Amino acid sequence: MSLLQKIKNTVRSRSIHVCYVNTGSCNGCDIEILACLGPRYDLEQYGIYVHNNPREADVLLVTGPICQQWDDKLKSIWDKMPEPKVAVAIGNCPISGCLYDREGSYVNPPASKYIPIAAEIPGCPPCPREIIGAILSLAPEIFRDYEEKNK
Amino acid sequence: MTYSILLYLKEVLRPESIRLFFCAKTAPLILPKHFRNFPETTGRECTNCLACMMICPSDTAIEVLKIKGEWTPVIHKGHCVRCGFCVEACPENVLDCGRVLDLQRRDRISFYSEFFITIDPTLCKRCGNCSVACPVNKEIDPTLAGSGTPVSDEVIMKIIDGEMRVIHPEKCTGCSTCELTCANNAIRVARVVQAMQVPEELT
Amino acid sequence: MKKTVDVALPVGPMHPCWKEPVRLKCEMKGEHVLACEVELGYAKKGIERIMRGRPWQEVMFLAERICGICTVIHNYVFIETVEEISEITVPERAEYLRVIVNELDRIQSHLLANFSYCYTIEHETLGMYLLSIRETALDQLELITGARITCAYMIPGGVRFDLSGEDAITLQEGLSAIETETMRYRGMFETGPMIGLRSKGVGILTTEDAKIVGAVGPTGRASNVPFDVRSGHPVYQRLGFEPVVYDTCDNWGRIMARFDEVLQSCALIRTCLLKMKPGSIRGGGAIKGGEAVHSGEAPRGELRYYLKTDEHGRVIDISIRTPSIPNIEASGHYMIPGVSSAADVTSSFISCDPCVSCCER
C-alpha cells in the first residue's frame with residue numbers, strides 16, 4: 001500500500017461531507033438525524049458535516065420508501081456526486097418499505113434497486129445513539145483503499 | 001450596533017456558559033434499560049401457539065421457525081417496528097424487550113384475542129380449497145389433504161349439502177391461510193383484540 | 001396572454017432548510033415576490049388505501065406513521081374515534097396519562113418548529129439551544145412510553161403502561177428545566193434586534209384572509225382567530241384551558257405563540273400530576289361497527305378523522321383531514337406574495353410549520 005493511499009485513507013475517514021435525500025418518508029428518521037446534529041449528540045465533532053449539496057458530498061443518506069416521483073430522480077442525484085461516493089440507508093423504509101409496502105400503495109422499495117447501498121441502519125426510527133454508533137464504526141472502513149477496490 | 005455587542009457579551013459571560021465551554025461532554029452512546037429495542041428470546045420454551053404472529057402489525061416481521069429441533073420466534077430487523085405487542089401477547093413470556101415484561105407483571109395487563117370467520121355467499125364458489133388448506137383441519141383429519149373429502153365432523157369447516165359451512169369456529173387460530181387461498185376473497189378471518197387489566201381487588 | 005416577469009425562481013424539492021420535498025415556484029420582479037405556486041406530490045404513499053380491511057391493532061401503527069413529528073396526536077384521535085363508535089369509557093387515570101403524553105409531544109414539536117425557523121433566519125445558536133432543551137422533553141417521553149418517537153401508547157380502553165412514583169419525580173424535574181430555559185429563550189427572541197428586523201412585519205396574513213382560507217393552529221391564532229379544539233374536550237375543560245392568541249399577524253407572532261404554548265403545556269402537565277389518583281389504566285370493551293367523526297388539536301392545528309367500521313372492527317372507509325392542508329395554502333398563496341426579499345420566502349414558508357408528509361398521506 002503506497003504512502004499516497006495511506007494519506008488518502010486517513011484524510012477520508014476524518015472529514016466526511018454528507019448529503020441527505022428524503023424520498024417521501026414520514027420524517028421520523030429525518031428528525032432523528034437532526035437530533036444527531038444537536039448539542040447533545042454532536043456529530044460535527046467527528047468531522048462529519050451535513051449540508052444538502054450532492055455536488056460536494058461523499059456520503060448520501062437515503063430515508064423514506066421510494067415514492068413514485070423518485071424512481072428516476074434518485075439515480076440522477078447519485079450520478080451528480082463525484083467519486084469516491086457511498087450510499088447509506090437509514091431506517092426500515094429504504095430496506096423493506098416498513099409498513100407501507102402493501103398492495104394498493106404507491107411505493108417501490110427497496111432502494112438498492114436504484115442505487116448501490118453500502119450499509120443499512122434498521123429501526124423505525126433508529127435512535128440517534130444507534131445512528132452515531134453505526135456511522136463511527138463505518139467511517140474508517142467505508143473509503144479504505146477505494147481506488148484499489150474499484151480499479 | 002453596540003446594543004447587539006452588549007447582548008452578546010451578556011449571554012457569553014454567564015457562569016453556566018463559561019462552565020459548559022470549558023468542560024463540555026457528549027452523552028455516552030449506551031441505550032438505557034427502558035428503551036424498547038428489538039425483542040430478544042429469554043430462553044423459555046416456545047409452544048408454537050403463533051399468538052405473536054397473529055398480533056404483529058407488520059406482515060413480515062416475525063416468524064416461528066424450528067431451529068435445531070426447537071421452535072423459536074425469529075425477528076427480521078429490517079421489518080420490525082419495535083412496538084412490543086408480541087412481547088405482551090406471548091402466554092409463555094418467550095420474548096422480552098425493554099421493560100415491557102416487568103411492566104406487564106406490575107400492572108397485570110394482557111391482550112385477549114378472538115377470531116371470527118365470515119363467508120360471503122355471493123362470492124363463494126363452493127370449491128372447498130379453504131377447508132383443504134386449513135392447517136388445523138390437516139391436524140384433525142389427515143385424509144382431507146390427500147383426497148379432499150373429510151371423514152370426521154370435528155373439522156372447522158367443510159362442504160355440507162353443496163354449501164361451505166363453519167361447524168367449529170372456536171378451534172380457529174387466526175392464521176388466515178384460508179383467506180390467502182381463496183381465489184374470490186369470499187372467506188375472511190377477523191382478528192379482534194381487546195386490551196385487559198386485572199382489577200386490583202381480585203389479586 | 002403571456003405574463004412577463006423578471007425571474008421565475010424554483011425553490012426545492014431538495015433544500016437545506018426543509019426536511020421534506022416540496023417545490024415552490026416563485027415569480028419575482030427584482031426582489032419582490034409577485035406570486036407563488038406550491039407543487040406537492042413527492043411524498044404520496046396512499047396510506048388511507050392501505051388501511052382498508054385492517055383491524056385497529058394494525059391501523060393504529062399506520063396512523064402513527066403519517067407524520068413523524070406529531071405521532072401521538074394521530075394515535076390519540078384515532079383511538080378516540082374508535083371509542084366513540086364502540087361506546088367504551090376510559091378510566092380517569094388513563095385520561096390524565098393520555099393528556100400528559102400528548103402535551104409532552106406538543107412541547108417537542110413546538111421547539112422543533114422554532115428551531116427550523118431560527119435556522120432559516122440564520123440564528124443557528126438560538127436554534128441549537130432549542131434543540132438541546134428538546135432532548136429533555138424526549139427523555140421524559142422515553143421514560144414513560146419506552147420510545148422517543150412513534151410511542152404507540154394509547155389503545156382502546158386506556159393506555160398501555162402506568163406511571164410509577166419515581167418516574168413522576170423525574171418528570172417534575174425535567175419540566176422545571178424546560179420551563180426555566182424556555183423563558184430565557186423566549187426573552188432572547190422577544191427583544192433581539194436582528195430577529196425583530198427579519199421577523200416583524202414579514203409574511204402578513206390578515207384576519208379576514210385567515211378566516212377565508214381556514215388557517216388553524218398557531219398560524220391562525222397569531223392572526224387573532226381564537227379557535228382551539230381543546231376548549232371543547234372534557235378533560236381539558238376540567239384542567240381549565242384557555243387558547244393563546246396574538247394579533248400581530250406576522251412571523252414574529254407565530255413564533256411567540258408557540259413559545260407561549262410550550263409554557264402552557266408545562267403548566268397543564270403539572271396540573272394533571274396533581275389531580276391524578278391511583279386506579280386502573282385499562283377499561284376493556286368490545287369493538288363494534290358504525291361510523292363517527294372526531295377531531296383533536298395537533299401541534300399544527302385541528303386534525304379530523306372520519307371512520308366507518310364493520311361489525312368486527314375492521315375499517316371499511318377512512319378519511320383524514322390534517323391541519324397542514326389549509327396552512328400550506330395560506331403560506332403559499334397569502335403570506336409569500338408580497339414579501340420584499342427573496343430570502344424571506346423560506347422563512348415565511350417555515351413559520352407556518354408545514355408538515356408535507358401529513359399533507360399528502
# chains A, B, ... in the order shown; residues from 1 in each chain; ligands from 1
>>> closest_atom_pairs(of="chain C", to="chain B", cutoff="9 Å", atoms="only C-alpha atoms", output="CSV")
residue,atom,partner,partner_atom,distance
C:Arg54,CA,B:Ala190,CA,8.7
C:Pro55,CA,B:Arg191,CA,7.0
C:Trp56,CA,B:Val193,CA,8.3
C:Gln57,CA,B:Pro57,CA,6.5
C:Glu58,CA,B:Pro57,CA,4.6
C:Val59,CA,B:Pro57,CA,8.1
C:Met60,CA,B:Pro57,CA,8.8
C:Phe61,CA,B:Pro57,CA,7.2
C:Leu62,CA,B:Pro57,CA,8.9
C:Glu142,CA,B:Phe35,CA,6.8
C:Leu143,CA,B:His34,CA,6.6
C:Ile144,CA,B:His34,CA,8.9
C:Thr145,CA,B:Arg36,CA,8.6
C:Gly146,CA,B:Phe35,CA,4.9
C:Ala147,CA,B:Arg36,CA,6.0
C:Arg148,CA,B:Phe35,CA,8.6
C:Thr150,CA,B:Cys83,CA,8.6
C:Cys151,CA,B:Cys83,CA,7.9
C:Ala152,CA,B:Cys83,CA,6.9
C:Ile155,CA,B:Ala195,CA,7.4
C:Pro156,CA,B:Ala195,CA,7.4
C:Gly157,CA,B:Ala195,CA,7.2
C:Gly158,CA,B:Ala195,CA,8.4
C:Arg160,CA,B:Ile109,CA,8.2
C:Phe161,CA,B:Leu103,CA,6.7
C:Asp162,CA,B:Asp107,CA,7.0
C:Gly192,CA,B:Ser4,CA,8.0
C:Pro193,CA,B:Ser4,CA,7.3
C:Met194,CA,B:Ser4,CA,8.3
C:Gly279,CA,B:Glu200,CA,8.4
C:Ser280,CA,B:Pro199,CA,6.8
C:Ile281,CA,B:Gln197,CA,7.5
C:Arg282,CA,B:Gln197,CA,5.7
C:Gly283,CA,B:Met196,CA,6.8
C:Gly284,CA,B:Met196,CA,5.2
C:Gly285,CA,B:Gln194,CA,6.9
C:Ala286,CA,B:Gln194,CA,6.7
C:Ile287,CA,B:Val192,CA,7.9
C:His312,CA,B:Ala190,CA,6.6
C:Gly313,CA,B:Val192,CA,7.2
C:Arg314,CA,B:Ala190,CA,7.6
>>> select_by_dssp(residues="range 35-132 of chain A", states="strand (DSSP E)", output="PyMOL selection string")
chain A and resi 48-51+59-63+86-90+119-121
>>> atom_distance(atom1="CA of Cys249 in chain C", atom2="CA of Val339 in chain C")
13.8 Å
>>> interface_residues(of="chain A", to="chain B", cutoff="6 Å", atoms="only C-alpha atoms", output="ChimeraX atom specification")
/A:40,92,98,122,124,129
>>> closest_atom_pairs(of="chain A", to="chain C", cutoff="9 Å", atoms="only C-alpha atoms", output="JSON lines")
{"residue": "A:Tyr20", "atom": "CA", "partner": "C:Met14", "partner_atom": "CA", "distance": 9.0}
{"residue": "A:Val21", "atom": "CA", "partner": "C:Met14", "partner_atom": "CA", "distance": 7.4}
{"residue": "A:Asn22", "atom": "CA", "partner": "C:Glu20", "partner_atom": "CA", "distance": 6.2}
{"residue": "A:Thr23", "atom": "CA", "partner": "C:Ala43", "partner_atom": "CA", "distance": 6.8}
{"residue": "A:Gly24", "atom": "CA", "partner": "C:Ala43", "partner_atom": "CA", "distance": 3.8}
{"residue": "A:Ser25", "atom": "CA", "partner": "C:Ala43", "partner_atom": "CA", "distance": 6.8}
{"residue": "A:Cys26", "atom": "CA", "partner": "C:Cys67", "partner_atom": "CA", "distance": 4.8}
{"residue": "A:Asn27", "atom": "CA", "partner": "C:Gly68", "partner_atom": "CA", "distance": 4.9}
{"residue": "A:Gly28", "atom": "CA", "partner": "C:Gly68", "partner_atom": "CA", "distance": 4.1}
{"residue": "A:Cys29", "atom": "CA", "partner": "C:Gly68", "partner_atom": "CA", "distance": 7.9}
{"residue": "A:Asp30", "atom": "CA", "partner": "C:Lys19", "partner_atom": "CA", "distance": 6.7}
{"residue": "A:Ile31", "atom": "CA", "partner": "C:Ile69", "partner_atom": "CA", "distance": 7.6}
{"residue": "A:Glu32", "atom": "CA", "partner": "C:Ile149", "partner_atom": "CA", "distance": 9.0}
{"residue": "A:Leu34", "atom": "CA", "partner": "C:Leu131", "partner_atom": "CA", "distance": 8.9}
{"residue": "A:Ala35", "atom": "CA", "partner": "C:Leu131", "partner_atom": "CA", "distance": 7.2}
{"residue": "A:Leu37", "atom": "CA", "partner": "C:Met128", "partner_atom": "CA", "distance": 8.7}
{"residue": "A:Gly38", "atom": "CA", "partner": "C:Leu131", "partner_atom": "CA", "distance": 5.8}
{"residue": "A:Pro39", "atom": "CA", "partner": "C:Ser132", "partner_atom": "CA", "distance": 5.8}
{"residue": "A:Arg40", "atom": "CA", "partner": "C:Ser132", "partner_atom": "CA", "distance": 6.2}
{"residue": "A:His51", "atom": "CA", "partner": "C:Pro16", "partner_atom": "CA", "distance": 6.5}
{"residue": "A:Asn52", "atom": "CA", "partner": "C:Pro16", "partner_atom": "CA", "distance": 5.3}
{"residue": "A:Asn53", "atom": "CA", "partner": "C:Pro16", "partner_atom": "CA", "distance": 8.2}
{"residue": "A:Gly64", "atom": "CA", "partner": "C:Ala43", "partner_atom": "CA", "distance": 8.8}
{"residue": "A:Pro65", "atom": "CA", "partner": "C:Lys45", "partner_atom": "CA", "distance": 8.5}
{"residue": "A:Ile66", "atom": "CA", "partner": "C:Ala43", "partner_atom": "CA", "distance": 8.7}
{"residue": "A:Cys67", "atom": "CA", "partner": "C:Ala43", "partner_atom": "CA", "distance": 6.2}
{"residue": "A:Gln68", "atom": "CA", "partner": "C:Tyr42", "partner_atom": "CA", "distance": 7.7}
{"residue": "A:Gln69", "atom": "CA", "partner": "C:Tyr42", "partner_atom": "CA", "distance": 5.8}
{"residue": "A:Trp70", "atom": "CA", "partner": "C:Tyr42", "partner_atom": "CA", "distance": 7.3}
{"residue": "A:Leu99", "atom": "CA", "partner": "C:Leu62", "partner_atom": "CA", "distance": 6.9}
{"residue": "A:Tyr100", "atom": "CA", "partner": "C:Ile47", "partner_atom": "CA", "distance": 7.2}
{"residue": "A:Asp101", "atom": "CA", "partner": "C:Ile50", "partner_atom": "CA", "distance": 8.9}
{"residue": "A:Arg102", "atom": "CA", "partner": "C:Ile50", "partner_atom": "CA", "distance": 6.6}
{"residue": "A:Glu103", "atom": "CA", "partner": "C:Ile50", "partner_atom": "CA", "distance": 7.3}
{"residue": "A:Gly104", "atom": "CA", "partner": "C:Ile50", "partner_atom": "CA", "distance": 6.4}
{"residue": "A:Ser105", "atom": "CA", "partner": "C:Gly46", "partner_atom": "CA", "distance": 5.0}
{"residue": "A:Tyr106", "atom": "CA", "partner": "C:Lys45", "partner_atom": "CA", "distance": 5.0}
{"residue": "A:Val107", "atom": "CA", "partner": "C:Lys45", "partner_atom": "CA", "distance": 6.0}
{"residue": "A:Cys124", "atom": "CA", "partner": "C:Thr150", "partner_atom": "CA", "distance": 8.1}
{"residue": "A:Pro125", "atom": "CA", "partner": "C:Ile149", "partner_atom": "CA", "distance": 7.5}
{"residue": "A:Cys127", "atom": "CA", "partner": "C:Arg148", "partner_atom": "CA", "distance": 8.0}
>>> write_last_selection(atoms="N, CA and C atoms", output="CSV table (one decimal), in the first residue's frame")
chain,number,residue,atom,x,y,z
A,20,TYR,N,-28.3,14.5,2.4
A,20,TYR,CA,-29.3,13.6,2.6
A,20,TYR,C,-30.5,13.8,1.7
A,21,VAL,N,-31.2,12.7,1.4
A,21,VAL,CA,-32.3,12.8,0.5
A,21,VAL,C,-33.5,12.2,1.2
A,22,ASN,N,-34.7,12.9,1.2
A,22,ASN,CA,-35.9,12.4,1.8
A,22,ASN,C,-36.8,12.0,0.7
A,23,THR,N,-37.0,10.7,0.4
A,23,THR,CA,-37.8,10.2,-0.7
A,23,THR,C,-39.2,10.0,-0.3
A,24,GLY,N,-39.7,10.8,0.5
A,24,GLY,CA,-41.1,10.6,0.9
A,24,GLY,C,-41.4,9.9,2.2
A,25,SER,N,-40.5,10.1,3.2
A,25,SER,CA,-40.6,9.4,4.4
A,25,SER,C,-41.6,10.2,5.3
A,26,CYS,N,-41.9,9.6,6.5
A,26,CYS,CA,-42.8,10.2,7.5
A,26,CYS,C,-42.1,11.3,8.3
A,27,ASN,N,-40.8,11.5,8.1
A,27,ASN,CA,-40.0,12.5,8.8
A,27,ASN,C,-39.5,12.0,10.1
A,28,GLY,N,-39.8,10.8,10.6
A,28,GLY,CA,-39.3,10.3,11.9
A,28,GLY,C,-37.8,10.2,11.8
A,29,CYS,N,-37.3,9.5,10.7
A,29,CYS,CA,-35.8,9.3,10.6
A,29,CYS,C,-35.1,10.7,10.4
A,30,ASP,N,-35.7,11.6,9.7
A,30,ASP,CA,-35.1,12.9,9.4
A,30,ASP,C,-34.9,13.7,10.7
A,31,ILE,N,-36.0,13.6,11.6
A,31,ILE,CA,-35.9,14.2,12.9
A,31,ILE,C,-34.8,13.6,13.8
A,32,GLU,N,-34.6,12.3,13.7
A,32,GLU,CA,-33.5,11.7,14.5
A,32,GLU,C,-32.1,12.1,13.9
A,34,LEU,N,-31.6,15.0,12.6
A,34,LEU,CA,-31.4,16.3,13.1
A,34,LEU,C,-31.0,16.4,14.5
A,35,ALA,N,-31.5,15.4,15.3
A,35,ALA,CA,-31.2,15.3,16.7
A,35,ALA,C,-29.7,15.0,16.9
A,37,LEU,N,-27.4,16.2,15.1
A,37,LEU,CA,-26.6,17.4,14.9
A,37,LEU,C,-26.7,18.4,16.1
A,38,GLY,N,-27.7,18.1,17.0
A,38,GLY,CA,-27.8,19.0,18.2
A,38,GLY,C,-26.7,18.9,19.1
A,39,PRO,N,-26.7,19.7,20.2
A,39,PRO,CA,-25.5,19.8,21.0
A,39,PRO,C,-25.3,18.6,21.9
A,40,ARG,N,-26.4,17.7,22.1
A,40,ARG,CA,-26.2,16.6,23.0
A,40,ARG,C,-25.5,15.5,22.3
A,51,HIS,N,-24.7,18.9,4.9
A,51,HIS,CA,-25.3,20.0,4.1
A,51,HIS,C,-26.2,19.3,3.1
A,52,ASN,N,-26.6,20.0,2.1
A,52,ASN,CA,-27.6,19.4,1.2
A,52,ASN,C,-27.2,19.5,-0.3
A,53,ASN,N,-25.9,19.5,-0.6
A,53,ASN,CA,-25.5,19.7,-2.0
A,53,ASN,C,-24.8,18.4,-2.5
A,64,GLY,N,-36.8,7.0,3.7
A,64,GLY,CA,-38.1,7.0,3.0
A,64,GLY,C,-38.3,5.9,2.0
A,65,PRO,N,-39.5,5.3,2.0
A,65,PRO,CA,-39.8,4.3,0.9
A,65,PRO,C,-39.8,5.1,-0.4
A,66,ILE,N,-39.3,4.6,-1.4
A,66,ILE,CA,-39.1,5.4,-2.6
A,66,ILE,C,-40.5,5.6,-3.3
A,67,CYS,N,-41.0,6.8,-3.2
A,67,CYS,CA,-42.3,7.1,-3.8
A,67,CYS,C,-42.2,7.2,-5.3
A,68,GLN,N,-43.4,7.3,-6.0
A,68,GLN,CA,-43.3,7.2,-7.4
A,68,GLN,C,-42.5,8.2,-8.1
A,69,GLN,N,-42.5,9.5,-7.5
A,69,GLN,CA,-41.8,10.5,-8.2
A,69,GLN,C,-40.3,10.4,-8.2
A,70,TRP,N,-39.8,9.6,-7.3
A,70,TRP,CA,-38.4,9.5,-7.1
A,70,TRP,C,-37.7,8.3,-7.8
A,99,LEU,N,-44.1,-0.4,7.0
A,99,LEU,CA,-45.5,-0.8,6.9
A,99,LEU,C,-46.2,-0.4,5.7
A,100,TYR,N,-45.5,0.4,4.8
A,100,TYR,CA,-46.2,1.0,3.6
A,100,TYR,C,-46.2,0.0,2.4
A,101,ASP,N,-45.4,-1.1,2.5
A,101,ASP,CA,-45.3,-1.9,1.3
A,101,ASP,C,-46.4,-2.9,1.2
A,102,ARG,N,-47.6,-2.4,0.9
A,102,ARG,CA,-48.8,-3.4,0.8
A,102,ARG,C,-49.4,-3.2,-0.6
A,103,GLU,N,-50.3,-4.0,-1.0
A,103,GLU,CA,-50.9,-3.9,-2.3
A,103,GLU,C,-51.8,-2.7,-2.3
A,104,GLY,N,-51.7,-1.9,-3.3
A,104,GLY,CA,-52.5,-0.6,-3.4
A,104,GLY,C,-51.8,0.6,-3.0
A,105,SER,N,-50.5,0.5,-2.6
A,105,SER,CA,-49.8,1.7,-2.2
A,105,SER,C,-48.9,2.1,-3.4
A,106,TYR,N,-48.3,3.4,-3.2
A,106,TYR,CA,-47.6,4.0,-4.4
A,106,TYR,C,-46.1,3.9,-4.1
A,107,VAL,N,-45.6,3.0,-3.4
A,107,VAL,CA,-44.1,3.0,-3.1
A,107,VAL,C,-43.5,1.8,-3.8
A,124,CYS,N,-37.3,1.8,13.5
A,124,CYS,CA,-38.4,2.7,13.0
A,124,CYS,C,-38.8,3.6,14.0
A,125,PRO,N,-38.2,4.8,14.2
A,125,PRO,CA,-36.9,5.2,13.6
A,125,PRO,C,-35.7,4.7,14.5
A,127,CYS,N,-32.6,5.2,16.9
A,127,CYS,CA,-32.2,6.1,17.9
A,127,CYS,C,-31.0,6.9,17.5
>>> atom_distance(atom1="CA of Ser231 in chain C", atom2="CA of Pro243 in chain C")
7.5 Å
>>> residues_around(residues="Ile156 in chain B", least_positions_apart="5", cutoff="7 Å", atoms="only C-alpha atoms", output="tab-separated table (two decimals) with N, CA and C atoms, in the first residue's frame")
chain	number	residue	atom	x	y	z
B	137	ASN	N	-57.38	-28.13	10.23
B	137	ASN	CA	-58.11	-29.25	9.62
B	137	ASN	C	-57.17	-30.39	9.31
B	166	VAL	N	-69.33	-23.39	8.44
B	166	VAL	CA	-68.36	-23.34	9.54
B	166	VAL	C	-68.99	-24.06	10.72
B	167	ILE	N	-68.41	-25.25	11.13
B	167	ILE	CA	-69.04	-26.04	12.18
B	167	ILE	C	-68.43	-25.74	13.54
B	168	HIS	N	-67.07	-25.60	13.63
B	168	HIS	CA	-66.42	-25.39	14.92
B	168	HIS	C	-65.58	-24.14	14.88
B	169	PRO	N	-66.19	-22.94	14.93
B	169	PRO	CA	-65.38	-21.71	14.82
B	169	PRO	C	-64.45	-21.49	16.00
B	171	LYS	N	-62.25	-23.40	17.17
B	171	LYS	CA	-60.93	-24.01	17.02
B	171	LYS	C	-60.01	-23.18	16.15
>>> residues_around(residues="Val88 in chain A", least_positions_apart="2", cutoff="6 Å", atoms="only C-alpha atoms", output="JSON, numbers by chain")
{"A": [61, 117, 118, 119, 120]}
>>> select_by_dssp(residues="range 138-270 of chain C", states="alpha helix (DSSP H)", output="MDAnalysis selection string")
chainID C and resid 138:145 165:191 193:199 207:213 217:221 234:239 251:270
>>> residues_around(residues="range 165-178 of chain C", least_positions_apart="6", cutoff="9 Å", atoms="only C-alpha atoms", output="list in words")
Ile133, Arg134, Thr136, Ala137, Asp139, Gln140, Leu143, Ile144, Val262, Leu263, Cys266, Ala267, Ile269, Arg270 and Leu273 of chain C
>>> closest_residue(among="A:Asp42, A:Asp72, A:Asp58, A:Glu148", to="Arg12 in chain A", atoms="only C-alpha atoms")
A:Asp58
>>> atom_distance(atom1="CA of Asp317 in chain C", atom2="CA of Glu291 in chain C")
8.9 Å
>>> residues_around(residues="Tyr49 in chain A", least_positions_apart="5", cutoff="9 Å", atoms="only C-alpha atoms", output="PDB file with N, CA and C atoms, in the first residue's frame")
ATOM      1  N   SER A  15     -12.877  13.310   7.607  1.00  0.00           N
ATOM      2  CA  SER A  15     -13.571  14.501   7.127  1.00  0.00           C
ATOM      3  C   SER A  15     -14.544  14.039   6.054  1.00  0.00           C
ATOM      4  N   ILE A  16     -15.805  13.982   6.408  1.00  0.00           N
ATOM      5  CA  ILE A  16     -16.817  13.403   5.519  1.00  0.00           C
ATOM      6  C   ILE A  16     -17.906  14.441   5.311  1.00  0.00           C
ATOM      7  N   HIS A  17     -18.273  14.703   4.077  1.00  0.00           N
ATOM      8  CA  HIS A  17     -19.394  15.591   3.781  1.00  0.00           C
ATOM      9  C   HIS A  17     -20.599  14.752   3.405  1.00  0.00           C
ATOM     10  N   VAL A  18     -21.740  15.073   3.995  1.00  0.00           N
ATOM     11  CA  VAL A  18     -22.925  14.234   3.874  1.00  0.00           C
ATOM     12  C   VAL A  18     -24.039  15.028   3.219  1.00  0.00           C
ATOM     13  N   CYS A  19     -24.753  14.373   2.302  1.00  0.00           N
ATOM     14  CA  CYS A  19     -25.950  14.962   1.699  1.00  0.00           C
ATOM     15  C   CYS A  19     -27.095  13.998   1.969  1.00  0.00           C
ATOM     16  N   LEU A  43     -22.553  15.553  16.124  1.00  0.00           N
ATOM     17  CA  LEU A  43     -21.965  14.764  15.045  1.00  0.00           C
ATOM     18  C   LEU A  43     -20.807  15.506  14.402  1.00  0.00           C
ATOM     19  N   GLU A  44     -20.785  16.862  14.518  1.00  0.00           N
ATOM     20  CA  GLU A  44     -19.749  17.611  13.817  1.00  0.00           C
ATOM     21  C   GLU A  44     -18.392  17.480  14.491  1.00  0.00           C
TER      22      GLU A  44
END
>>> residues_around(residues="Tyr246 in chain C", least_positions_apart="2", cutoff="7 Å", atoms="only C-alpha atoms", output="ChimeraX atom specification")
/C:221-224,244,248,253,257
>>> closest_residue(among="A:Pro82, A:Val62, A:Ile48, A:Ile90", to="Ile115 in chain A", atoms="only C-alpha atoms")
A:Val62
